[in-house]
file upload-v1.cif (mmCIF, C-alpha atoms)
data_data
loop_
_atom_site.group_PDB
_atom_site.id
_atom_site.type_symbol
_atom_site.label_atom_id
_atom_site.label_comp_id
_atom_site.auth_asym_id
_atom_site.auth_seq_id
_atom_site.Cartn_x
_atom_site.Cartn_y
_atom_site.Cartn_z
ATOM 1 C CA MET J 28 20.263 2.897 -1.400
ATOM 2 C CA PRO J 29 18.889 -0.216 -3.118
ATOM 3 C CA ILE J 30 16.446 -2.719 -1.652
ATOM 4 C CA LYS J 31 18.146 -4.807 1.019
ATOM 5 C CA LYS J 32 19.599 -7.966 -0.525
ATOM 6 C CA GLU J 33 17.817 -10.464 1.737
ATOM 7 C CA LEU J 34 14.464 -8.687 1.304
ATOM 8 C CA LEU J 35 14.831 -8.463 -2.475
ATOM 9 C CA GLU J 36 15.747 -12.163 -2.768
ATOM 10 C CA ARG J 37 12.716 -13.104 -0.665
ATOM 11 C CA ILE J 38 10.434 -10.966 -2.849
ATOM 12 C CA GLN J 39 11.830 -12.468 -6.058
ATOM 13 C CA GLU J 40 11.405 -16.018 -4.741
ATOM 14 C CA LYS J 41 7.809 -15.371 -3.652
ATOM 15 C CA LYS J 42 6.913 -13.614 -6.896
ATOM 16 C CA LYS J 43 8.235 -16.583 -8.866
ATOM 17 C CA ARG J 44 6.175 -19.025 -6.798
ATOM 18 C CA LEU J 45 3.070 -16.863 -7.168
ATOM 19 C CA ALA J 46 3.544 -16.765 -10.953
ATOM 20 C CA GLN J 47 3.675 -20.571 -10.976
ATOM 21 C CA MET J 48 0.378 -20.721 -9.078
ATOM 22 C CA ARG J 49 -1.451 -18.411 -11.473
ATOM 23 C CA PRO J 50 -4.155 -18.245 -12.520
ATOM 24 C CA LEU J 51 -5.593 -18.529 -9.025
ATOM 25 C CA PRO J 52 -9.147 -19.944 -8.790
ATOM 26 C CA LYS J 53 -11.804 -17.290 -9.453
ATOM 27 C CA ASP J 54 -13.383 -17.618 -6.011
ATOM 28 C CA VAL J 55 -9.979 -17.204 -4.341
ATOM 29 C CA MET J 56 -9.179 -14.108 -6.425
ATOM 30 C CA LYS J 57 -12.581 -12.608 -5.660
ATOM 31 C CA ARG J 58 -12.039 -13.077 -1.919
ATOM 32 C CA LEU J 59 -8.508 -11.646 -2.089
ATOM 33 C CA ARG J 60 -9.636 -8.593 -4.067
ATOM 34 C CA GLU J 61 -12.504 -7.858 -1.690
ATOM 35 C CA GLU J 62 -10.328 -8.264 1.387
ATOM 36 C CA LEU J 63 -7.536 -6.091 0.024
ATOM 37 C CA ARG J 64 -9.996 -3.414 -1.105
ATOM 38 C CA LEU J 65 -11.372 -3.280 2.435
ATOM 39 C CA LEU J 66 -7.936 -3.249 4.070
ATOM 40 C CA HIS J 67 -6.577 -0.604 1.709
ATOM 41 C CA THR J 68 -9.641 1.607 2.220
ATOM 42 C CA TYR J 69 -9.566 1.349 6.002
ATOM 43 C CA HIS J 70 -5.820 1.821 6.480
ATOM 44 C CA SER J 71 -5.353 4.526 3.822
ATOM 45 C CA ASN J 72 -8.113 6.624 5.389
ATOM 46 C CA ALA J 73 -6.998 5.879 8.970
ATOM 47 C CA ILE J 74 -3.506 7.152 8.132
ATOM 48 C CA GLU J 75 -5.148 10.494 7.302
ATOM 49 C CA GLY J 76 -7.150 10.595 10.545
ATOM 50 C CA ASN J 77 -10.448 8.944 9.586
ATOM 51 C CA THR J 78 -11.872 7.420 12.802
ATOM 52 C CA LEU J 79 -13.963 4.621 11.276
ATOM 53 C CA THR J 80 -12.930 1.187 12.544
ATOM 54 C CA LEU J 81 -12.202 -1.698 10.192
ATOM 55 C CA GLN J 82 -15.562 -3.281 11.060
ATOM 56 C CA GLU J 83 -17.422 0.005 10.527
ATOM 57 C CA THR J 84 -15.713 0.441 7.158
ATOM 58 C CA LYS J 85 -16.757 -3.100 6.222
ATOM 59 C CA LEU J 86 -20.398 -2.394 7.142
ATOM 60 C CA ILE J 87 -20.440 0.811 5.088
ATOM 61 C CA LEU J 88 -18.913 -0.842 2.008
ATOM 62 C CA GLU J 89 -20.798 -4.127 2.106
ATOM 63 C CA GLN J 90 -24.171 -3.131 3.554
ATOM 64 C CA GLY J 91 -24.380 0.604 2.995
ATOM 65 C CA ILE J 92 -24.991 1.154 6.706
ATOM 66 C CA THR J 93 -24.630 4.632 8.207
ATOM 67 C CA VAL J 94 -22.543 4.537 11.380
ATOM 68 C CA GLY J 95 -23.827 6.705 14.217
ATOM 69 C CA GLY J 96 -21.469 9.343 15.579
ATOM 70 C CA LYS J 97 -19.354 9.433 12.410
ATOM 71 C CA SER J 98 -19.313 12.384 10.010
ATOM 72 C CA LEU J 99 -20.617 12.423 6.453
ATOM 73 C CA GLN J 100 -17.067 13.107 5.264
ATOM 74 C CA GLU J 101 -15.757 9.959 6.940
ATOM 75 C CA HIS J 102 -18.483 7.907 5.238
ATOM 76 C CA LEU J 103 -17.656 9.513 1.885
ATOM 77 C CA GLU J 104 -13.954 8.841 2.376
ATOM 78 C CA ALA J 105 -14.743 5.147 2.852
ATOM 79 C CA THR J 106 -16.989 4.743 -0.196
ATOM 80 C CA ASN J 107 -14.860 7.018 -2.401
ATOM 81 C CA THR J 108 -11.573 5.268 -1.619
ATOM 82 C CA ALA J 109 -13.166 1.862 -2.218
ATOM 83 C CA ASP J 110 -14.568 3.073 -5.565
ATOM 84 C CA ALA J 111 -11.164 4.474 -6.532
ATOM 85 C CA TYR J 112 -9.585 1.115 -5.666
ATOM 86 C CA LYS J 113 -12.006 -0.618 -8.046
ATOM 87 C CA PHE J 114 -11.124 2.001 -10.662
ATOM 88 C CA ILE J 115 -7.387 1.287 -10.480
ATOM 89 C CA GLU J 116 -8.112 -2.440 -10.769
ATOM 90 C CA GLU J 117 -9.830 -1.733 -14.095
ATOM 91 C CA LEU J 118 -7.015 0.589 -15.204
ATOM 92 C CA ALA J 119 -4.429 -2.099 -14.430
ATOM 93 C CA LYS J 120 -6.185 -4.545 -16.745
ATOM 94 C CA GLY J 121 -5.883 -2.106 -19.632
ATOM 95 C CA LYS J 122 -2.165 -1.377 -19.044
ATOM 96 C CA ARG J 123 -2.934 2.336 -19.336
ATOM 97 C CA HIS J 124 0.027 4.665 -18.861
ATOM 98 C CA ILE J 125 0.015 6.766 -15.713
ATOM 99 C CA ALA J 126 -0.426 10.380 -16.786
ATOM 100 C CA HIS J 127 -2.150 13.629 -15.769
ATOM 101 C CA GLU J 128 -5.582 12.278 -16.669
ATOM 102 C CA THR J 129 -5.039 9.101 -14.624
ATOM 103 C CA ILE J 130 -3.997 10.984 -11.497
ATOM 104 C CA GLN J 131 -6.830 13.497 -11.855
ATOM 105 C CA GLU J 132 -9.473 10.835 -12.442
ATOM 106 C CA ILE J 133 -8.364 8.948 -9.337
ATOM 107 C CA HIS J 134 -8.409 12.158 -7.291
ATOM 108 C CA ALA J 135 -11.865 13.049 -8.602
ATOM 109 C CA ILE J 136 -13.238 9.750 -7.261
ATOM 110 C CA VAL J 137 -11.371 9.985 -3.930
ATOM 111 C CA THR J 138 -12.611 13.516 -3.166
ATOM 112 C CA ARG J 139 -16.076 13.328 -4.773
ATOM 113 C CA GLY J 140 -18.550 15.221 -2.585
ATOM 114 C CA ILE J 141 -15.742 16.352 -0.282
ATOM 115 C CA LEU J 142 -13.781 18.995 -2.211
ATOM 116 C CA ALA J 143 -15.208 21.761 -4.381
ATOM 117 C CA ASP J 144 -12.865 20.940 -7.266
ATOM 118 C CA PRO J 145 -12.301 17.165 -7.291
ATOM 119 C CA GLY J 146 -9.709 16.106 -9.859
ATOM 120 C CA LYS J 147 -8.293 19.608 -10.369
ATOM 121 C CA TYR J 148 -4.692 20.551 -9.668
ATOM 122 C CA ARG J 149 -4.372 23.239 -6.995
ATOM 123 C CA ILE J 150 -4.303 26.906 -7.998
ATOM 124 C CA THR J 151 -3.038 28.185 -4.646
ATOM 125 C CA ASN J 152 0.049 27.562 -2.531
ATOM 126 C CA VAL J 153 -0.101 25.329 0.540
ATOM 127 C CA ARG J 154 1.929 24.701 3.677
ATOM 128 C CA ILE J 155 2.105 21.364 5.500
ATOM 129 C CA VAL J 156 2.556 21.473 9.268
ATOM 130 C CA GLY J 157 5.677 19.587 10.349
ATOM 131 C CA ALA J 158 6.985 19.080 6.806
ATOM 132 C CA ILE J 159 10.687 19.629 6.056
ATOM 133 C CA LYS J 160 9.928 21.017 2.609
ATOM 134 C CA THR J 161 7.161 23.359 1.523
ATOM 135 C CA PRO J 162 5.309 22.022 -1.545
ATOM 136 C CA PRO J 163 6.328 23.820 -4.743
ATOM 137 C CA ASP J 164 4.563 26.895 -6.028
ATOM 138 C CA TYR J 165 1.252 25.975 -7.667
ATOM 139 C CA THR J 166 2.473 27.390 -11.005
ATOM 140 C CA LYS J 167 5.093 24.611 -11.146
ATOM 141 C CA VAL J 168 2.757 21.688 -10.438
ATOM 142 C CA ALA J 169 1.959 20.702 -14.037
ATOM 143 C CA LYS J 170 5.617 20.907 -15.121
ATOM 144 C CA LEU J 171 6.835 18.881 -12.144
ATOM 145 C CA MET J 172 4.182 16.238 -12.787
ATOM 146 C CA ASP J 173 5.335 16.118 -16.430
ATOM 147 C CA GLU J 174 8.870 15.446 -15.214
ATOM 148 C CA LEU J 175 7.636 12.724 -12.863
ATOM 149 C CA PHE J 176 5.752 10.978 -15.697
ATOM 150 C CA GLU J 177 8.830 11.259 -17.919
ATOM 151 C CA THR J 178 10.943 9.606 -15.209
ATOM 152 C CA LEU J 179 8.316 6.879 -15.078
ATOM 153 C CA LYS J 180 8.545 6.241 -18.824
ATOM 154 C CA LYS J 181 12.344 6.166 -18.925
ATOM 155 C CA SER J 182 12.849 4.468 -15.579
ATOM 156 C CA LYS J 183 15.929 2.309 -15.130
ATOM 157 C CA TYR J 184 14.822 1.385 -11.611
ATOM 158 C CA ASP J 185 13.245 -1.913 -10.620
ATOM 159 C CA PRO J 186 9.414 -1.663 -10.389
ATOM 160 C CA ILE J 187 9.327 -1.581 -6.575
ATOM 161 C CA SER J 188 11.860 1.256 -6.322
ATOM 162 C CA MET J 189 10.051 3.143 -9.078
ATOM 163 C CA ALA J 190 6.710 2.672 -7.317
ATOM 164 C CA ALA J 191 8.238 4.171 -4.159
ATOM 165 C CA LEU J 192 9.753 7.111 -6.056
ATOM 166 C CA LEU J 193 6.432 7.710 -7.828
ATOM 167 C CA HIS J 194 4.631 7.679 -4.468
ATOM 168 C CA HIS J 195 7.085 10.147 -2.941
ATOM 169 C CA GLY J 196 6.987 12.319 -6.061
ATOM 170 C CA ILE J 197 3.206 12.766 -5.847
ATOM 171 C CA VAL J 198 3.333 13.553 -2.128
ATOM 172 C CA ALA J 199 6.245 15.985 -2.555
ATOM 173 C CA ILE J 200 4.701 17.853 -5.497
ATOM 174 C CA HIS J 201 1.363 17.897 -3.654
ATOM 175 C CA PRO J 202 -0.608 18.566 -6.859
ATOM 176 C CA PHE J 203 -3.980 18.795 -5.099
ATOM 177 C CA ILE J 204 -5.251 20.886 -2.205
ATOM 178 C CA ASP J 205 -6.095 17.686 -0.311
ATOM 179 C CA GLY J 206 -6.167 13.933 -0.903
ATOM 180 C CA ASN J 207 -2.570 13.631 -2.133
ATOM 181 C CA GLY J 208 -1.654 10.790 0.231
ATOM 182 C CA ARG J 209 -4.706 8.738 -0.696
ATOM 183 C CA VAL J 210 -4.016 9.283 -4.396
ATOM 184 C CA ALA J 211 -0.322 8.387 -3.995
ATOM 185 C CA ARG J 212 -1.179 5.091 -2.275
ATOM 186 C CA LEU J 213 -3.669 4.185 -5.001
ATOM 187 C CA VAL J 214 -1.267 5.105 -7.823
ATOM 188 C CA THR J 215 1.463 3.045 -6.152
ATOM 189 C CA ASN J 216 -0.838 0.026 -6.284
ATOM 190 C CA LEU J 217 -1.760 0.749 -9.885
ATOM 191 C CA TYR J 218 1.921 0.789 -10.858
ATOM 192 C CA LEU J 219 2.774 -2.341 -8.878
ATOM 193 C CA THR J 220 -0.125 -4.381 -10.275
ATOM 194 C CA GLN J 221 0.770 -3.270 -13.801
ATOM 195 C CA HIS J 222 4.185 -4.845 -13.174
ATOM 196 C CA GLY J 223 2.932 -8.174 -11.868
ATOM 197 C CA TYR J 224 2.962 -7.493 -8.120
ATOM 198 C CA PRO J 225 -0.043 -7.775 -5.814
ATOM 199 C CA PRO J 226 -1.456 -4.543 -4.347
ATOM 200 C CA ILE J 227 0.035 -3.477 -1.031
ATOM 201 C CA VAL J 228 -1.546 -2.202 2.175
ATOM 202 C CA LEU J 229 0.266 0.526 4.112
ATOM 203 C CA ARG J 230 -1.059 0.068 7.627
ATOM 204 C CA LYS J 231 -2.035 2.779 10.073
ATOM 205 C CA GLU J 232 0.106 1.067 12.732
ATOM 206 C CA ASP J 233 3.142 1.913 10.570
ATOM 207 C CA ARG J 234 2.114 5.565 10.125
ATOM 208 C CA LYS J 235 5.136 6.889 12.051
ATOM 209 C CA LYS J 236 7.585 4.785 9.993
ATOM 210 C CA TYR J 237 5.762 5.783 6.793
ATOM 211 C CA TYR J 238 6.011 9.511 7.417
ATOM 212 C CA GLY J 239 9.555 9.181 8.767
ATOM 213 C CA ALA J 240 10.692 7.430 5.590
ATOM 214 C CA LEU J 241 8.946 10.056 3.433
ATOM 215 C CA LYS J 242 10.756 12.829 5.349
ATOM 216 C CA LYS J 243 14.089 11.146 4.616
ATOM 217 C CA ALA J 244 13.138 11.031 0.935
ATOM 218 C CA ASP J 245 12.418 14.774 1.149
ATOM 219 C CA GLN J 246 16.085 15.135 2.166
ATOM 220 C CA ASP J 247 17.232 13.282 -0.969
ATOM 221 C CA ASP J 248 17.623 9.965 0.873
ATOM 222 C CA PRO J 249 14.927 7.701 -0.630
ATOM 223 C CA GLY J 250 16.452 4.415 0.543
ATOM 224 C CA ALA J 251 14.357 4.054 3.698
ATOM 225 C CA PHE J 252 11.137 4.708 1.792
ATOM 226 C CA ILE J 253 12.057 2.291 -1.008
ATOM 227 C CA ASN J 254 12.680 -0.427 1.583
ATOM 228 C CA PHE J 255 9.455 0.500 3.404
ATOM 229 C CA ILE J 256 7.485 -0.095 0.185
ATOM 230 C CA ALA J 257 9.506 -3.262 -0.531
ATOM 231 C CA LYS J 258 8.565 -4.642 2.900
ATOM 232 C CA ALA J 259 4.898 -3.982 2.093
ATOM 233 C CA VAL J 260 5.321 -5.822 -1.239
ATOM 234 C CA ASP J 261 6.896 -8.755 0.598
ATOM 235 C CA GLU J 262 3.908 -8.901 2.972
ATOM 236 C CA ALA J 263 1.449 -8.665 0.074
ATOM 237 C CA LEU J 264 3.128 -11.618 -1.643
ATOM 238 C CA THR J 265 2.947 -13.601 1.607
ATOM 239 C CA PHE J 266 -0.758 -12.768 1.840
ATOM 240 C CA TYR J 267 -1.435 -13.912 -1.741
ATOM 241 C CA LEU J 268 0.599 -17.120 -1.376
ATOM 242 C CA SER J 269 -1.268 -17.985 1.817
ATOM 243 C CA ALA J 270 -4.461 -18.312 -0.239
ATOM 244 C CA SER J 271 -3.164 -21.641 -1.574
ATOM 245 C CA GLY J 272 -2.912 -23.084 1.953
ATOM 246 C CA GLY J 273 -0.481 -25.905 2.678
ATOM 247 C CA ASP J 274 2.978 -24.793 3.801
ATOM 248 C CA ASP J 275 2.107 -21.191 2.903
ATOM 249 C CA GLU J 276 -0.958 -20.991 5.164
ATOM 250 C CA LEU J 277 -0.580 -18.157 7.676
ATOM 251 C CA LEU J 278 -0.914 -19.340 11.266
ATOM 252 C CA PRO J 279 -0.773 -17.424 14.556
ATOM 253 C CA LEU J 280 2.654 -17.880 16.131
ATOM 254 C CA GLY J 281 1.015 -19.537 19.139
ATOM 255 C CA GLU J 282 -0.295 -22.303 16.891
ATOM 256 C CA LEU J 283 2.931 -22.521 14.912
ATOM 257 C CA ALA J 284 4.920 -22.908 18.131
ATOM 258 C CA LYS J 285 3.044 -26.115 19.012
ATOM 259 C CA THR J 286 4.812 -28.031 16.252
ATOM 260 C CA SER J 287 8.188 -26.283 16.454
ATOM 261 C CA PRO J 288 11.157 -26.370 18.852
ATOM 262 C CA TYR J 289 10.566 -22.693 19.670
ATOM 263 C CA SER J 290 8.197 -20.974 22.109
ATOM 264 C CA GLN J 291 5.612 -18.427 20.981
ATOM 265 C CA GLU J 292 7.584 -15.708 22.800
ATOM 266 C CA TYR J 293 10.781 -16.580 20.939
ATOM 267 C CA LEU J 294 8.996 -16.667 17.582
ATOM 268 C CA SER J 295 7.451 -13.270 18.362
ATOM 269 C CA LEU J 296 10.926 -11.892 19.081
ATOM 270 C CA LEU J 297 12.199 -13.274 15.762
ATOM 271 C CA ALA J 298 9.205 -11.698 13.962
ATOM 272 C CA ARG J 299 9.831 -8.284 15.557
ATOM 273 C CA GLN J 300 13.506 -8.490 14.628
ATOM 274 C CA GLY J 301 12.652 -9.407 11.046
ATOM 275 C CA LYS J 302 14.500 -12.736 11.316
ATOM 276 C CA LEU J 303 11.289 -14.729 10.842
ATOM 277 C CA ASP J 304 9.220 -13.944 7.746
ATOM 278 C CA ALA J 305 5.995 -12.957 9.537
ATOM 279 C CA ILE J 306 3.195 -10.410 9.247
ATOM 280 C CA LYS J 307 0.710 -8.931 11.684
ATOM 281 C CA ILE J 308 -2.986 -9.602 11.120
ATOM 282 C CA ASP J 309 -5.367 -7.770 13.465
ATOM 283 C CA GLY J 310 -2.457 -7.133 15.810
ATOM 284 C CA VAL J 311 -1.371 -10.801 15.984
ATOM 285 C CA TRP J 312 1.851 -12.103 14.407
ATOM 286 C CA HIS J 313 1.346 -14.833 11.799
ATOM 287 C CA ALA J 314 3.834 -16.900 9.822
ATOM 288 C CA SER J 315 3.808 -19.967 7.602
ATOM 289 C CA ARG J 316 5.353 -23.380 8.105
ATOM 290 C CA ARG J 317 7.516 -22.629 5.059
ATOM 291 C CA ALA J 318 8.839 -19.456 6.737
ATOM 292 C CA LEU J 319 9.582 -21.318 9.961
ATOM 293 C CA ARG J 320 11.356 -24.099 8.084
ATOM 294 C CA ARG J 321 13.416 -21.500 6.178
ATOM 295 C CA TYR J 322 14.475 -19.912 9.480
ATOM 296 C CA THR J 323 15.531 -23.242 11.001
ATOM 297 C CA LEU J 324 17.683 -23.991 7.950
ATOM 298 C CA VAL J 325 19.574 -20.683 8.067
#
call {"tool": "encode", "arguments": {"input": "upload-v1.cif", "output": "structure tokens"}}
result
Amino acid sequence: MPIKKELLERIQEKKKRLAQMRPLPKDVMKRLREELRLLHTYHSNAIEGNTLTLQETKLILEQGITVGGKSLQEHLEATNTADAYKFIEELAKGKRHIAHETIQEIHAIVTRGILADPGKYRITNVRIVGAIKTPPDYTKVAKLMDELFETLKKSKYDPISMAALLHHGIVAIHPFIDGNGRVARLVTNLYLTQHGYPPIVLRKEDRKKYYGALKKADQDDPGAFINFIAKAVDEALTFYLSASGGDDELLPLGELAKTSPYSQEYLSLLARQGKLDAIKIDGVWHASRRALRRYTLV
């Protein structure tokens, strides 16, 4: 199942506009990178059960503060994931191919001080509670990863679909004892940024949809997961474009409603239905004047 036509067209249009805006001012890029690093770190860890809030994660990363009542592991997960995010930013600049060493280096940073063998493929079998498929025997891990990297090299898929298949491949092979999800989300961003897309944030609020789409991919139906990643790419492009302000500035729907023929409640309904190009920020729906104008012209 390919990316939905309307979603793909929207992504292509936004990517083209973003390319025309580049290079973005250095101060804008710095702010975007820092914000996305924080959001990725918080949400990626929260998906796995880390209980740090977004504000607590921000304090740990920016001020090195220890949060009372939170475990050492949760603090390490925050700093490690943020460091790994910086690492993939550097890798993306060098256009380095994704290979065994890349995956293992990322894992080593993510699980530093947490696992006994950070960066090492597992040498035992594992079972995942609630999973449809049991991860393959540990003796097959290296070979299956080889096949995944080969698919990556010879890919005939568009970059977004390939990023989704790469993500699912890492999770399905489960090459490490722990940390596979965090590594998969980082590698997905590495691949997307290498192909000219902004990094995405998979939010903890979408955890159920995320795991549901991965389960479908386990049953040889990757379409839902490809579209899940494509939706995240669409939101990331919206986020980047909003940095320029003007018609692309993201406004709460309540504020947007003041200058439109629609009520906030109606705009919220359109956002939930996917008819209005909108994203949630801190639990509040936001959209741009451009998005609202596009809806009124449909």
call {"tool": "resolve_selection", "arguments": {"input": "upload-v1.cif", "expression": "the PyMOL selection byres ((chain J and resi 172) around 9)", "output": "MDAnalysis selection string"}}
result
chainID J and resid 126:127 167:171 173:177 196:197 200 202
call {"tool": "residues_around", "arguments": {"input": "upload-v1.cif", "residues": "Ile155 (chain J)", "least_positions_apart": "5", "cutoff": "12 Å", "atoms": "only C-alpha atoms", "output": "PyMOL selection string"}}
result
chain J and resi 160-163+198-201+204-205+207
call {"tool": "closest_residue", "arguments": {"input": "upload-v1.cif", "among": "J:Ile308, J:Gln82, J:Pro249, J:His70", "to": "Glu104 (chain J)", "atoms": "only C-alpha atoms"}}
result
J:His70
call {"tool": "residues_near_point", "arguments": {"input": "upload-v1.cif", "point": "(18.3, -5.8, -2.2)", "cutoff": "12 Å", "atoms": "only C-alpha atoms", "output": "number ranges by chain"}}
result
J: 28-39, 185, 187-188, 250, 253-254, 257-258
call {"tool": "resolve_selection", "arguments": {"input": "upload-v1.cif", "expression": "the PyMOL selection byres ((chain J and resi 291-303) around 6)", "output": "VMD selection string"}}
result
chain J and resid 280 to 281 284 290 304 to 305
call {"tool": "closest_residue", "arguments": {"input": "upload-v1.cif", "among": "J:Tyr165, J:Tyr184, J:Phe203, J:Tyr237", "to": "Ala143 (chain J)", "atoms": "all atoms listed in the file"}}
result
J:Phe203
call {"tool": "closest_residue", "arguments": {"input": "upload-v1.cif", "among": "J:Arg64, J:His194, J:Arg149, J:Lys57", "to": "Leu219 (chain J)", "atoms": "all atoms listed in the file"}}
result
J:His194
call {"tool": "closest_residue", "arguments": {"input": "upload-v1.cif", "among": "J:Pro52, J:Arg154, J:Ile227, J:Asp164", "to": "Leu65 (chain J)", "atoms": "all atoms listed in the file"}}
result
J:Ile227
call {"tool": "residues_near_point", "arguments": {"input": "upload-v1.cif", "point": "(-0.7, -15.1, 0.2)", "cutoff": "10 Å", "atoms": "all atoms listed in the file", "output": "ChimeraX atom specification"}}
result
/J:41,45,59,225,261-272,275-277,315
call {"tool": "closest_residue", "arguments": {"input": "upload-v1.cif", "among": "J:Leu179, J:Pro279, J:Tyr289, J:Lys85", "to": "Tyr322 (chain J)", "atoms": "all atoms listed in the file"}}
result
J:Tyr289
call {"tool": "decode", "arguments": {"input": "upload-v1.cif", "residues": "region 244-288 of chain J", "atoms": "C-alpha atoms", "output": "mmCIF file, in the first residue's frame"}}
result
data_model
loop_
_atom_site.group_PDB
_atom_site.id
_atom_site.type_symbol
_atom_site.label_atom_id
_atom_site.label_comp_id
_atom_site.auth_asym_id
_atom_site.auth_seq_id
_atom_site.Cartn_x
_atom_site.Cartn_y
_atom_site.Cartn_z
ATOM 1 C CA ALA J 244 3.750 -4.707 9.282
ATOM 2 C CA ASP J 245 4.664 -7.887 11.186
ATOM 3 C CA GLN J 246 1.781 -9.520 9.280
ATOM 4 C CA ASP J 247 3.267 -8.448 5.931
ATOM 5 C CA ASP J 248 0.991 -5.399 5.652
ATOM 6 C CA PRO J 249 3.356 -2.401 5.925
ATOM 7 C CA GLY J 250 0.954 0.150 4.435
ATOM 8 C CA ALA J 251 -0.386 1.481 7.737
ATOM 9 C CA PHE J 252 3.119 1.948 9.122
ATOM 10 C CA ILE J 253 4.373 3.650 5.950
ATOM 11 C CA ASN J 254 1.475 6.110 6.160
ATOM 12 C CA PHE J 255 2.080 6.579 9.900
ATOM 13 C CA ILE J 256 5.675 7.645 9.169
ATOM 14 C CA ALA J 257 4.501 9.772 6.216
ATOM 15 C CA LYS J 258 2.088 11.635 8.511
ATOM 16 C CA ALA J 259 4.985 12.338 10.887
ATOM 17 C CA VAL J 260 7.052 13.655 7.944
ATOM 18 C CA ASP J 261 4.158 15.906 6.938
ATOM 19 C CA GLU J 262 3.996 17.318 10.483
ATOM 20 C CA ALA J 263 7.770 17.820 10.578
ATOM 21 C CA LEU J 264 7.627 19.808 7.336
ATOM 22 C CA THR J 265 4.807 21.933 8.771
ATOM 23 C CA PHE J 266 6.932 22.560 11.863
ATOM 24 C CA TYR J 267 9.962 23.627 9.797
ATOM 25 C CA LEU J 268 7.917 25.861 7.474
ATOM 26 C CA SER J 269 6.325 27.576 10.466
ATOM 27 C CA ALA J 270 9.759 28.930 11.412
ATOM 28 C CA SER J 271 9.470 31.435 8.550
ATOM 29 C CA GLY J 272 6.273 32.916 10.023
ATOM 30 C CA GLY J 273 3.780 34.669 7.763
ATOM 31 C CA ASP J 274 1.068 32.426 6.323
ATOM 32 C CA ASP J 275 2.926 29.357 7.615
ATOM 33 C CA GLU J 276 2.960 30.470 11.263
ATOM 34 C CA LEU J 277 1.250 27.879 13.465
ATOM 35 C CA LEU J 278 -1.609 29.342 15.485
ATOM 36 C CA PRO J 279 -3.959 27.742 18.021
ATOM 37 C CA LEU J 280 -7.288 26.992 16.352
ATOM 38 C CA GLY J 281 -9.008 29.342 18.801
ATOM 39 C CA GLU J 282 -6.951 32.237 17.455
ATOM 40 C CA LEU J 283 -7.306 31.100 13.856
ATOM 41 C CA ALA J 284 -11.086 30.935 14.244
ATOM 42 C CA LYS J 285 -11.257 34.662 15.054
ATOM 43 C CA THR J 286 -10.442 35.587 11.463
ATOM 44 C CA SER J 287 -12.263 32.724 9.738
ATOM 45 C CA PRO J 288 -15.911 31.860 9.023
#
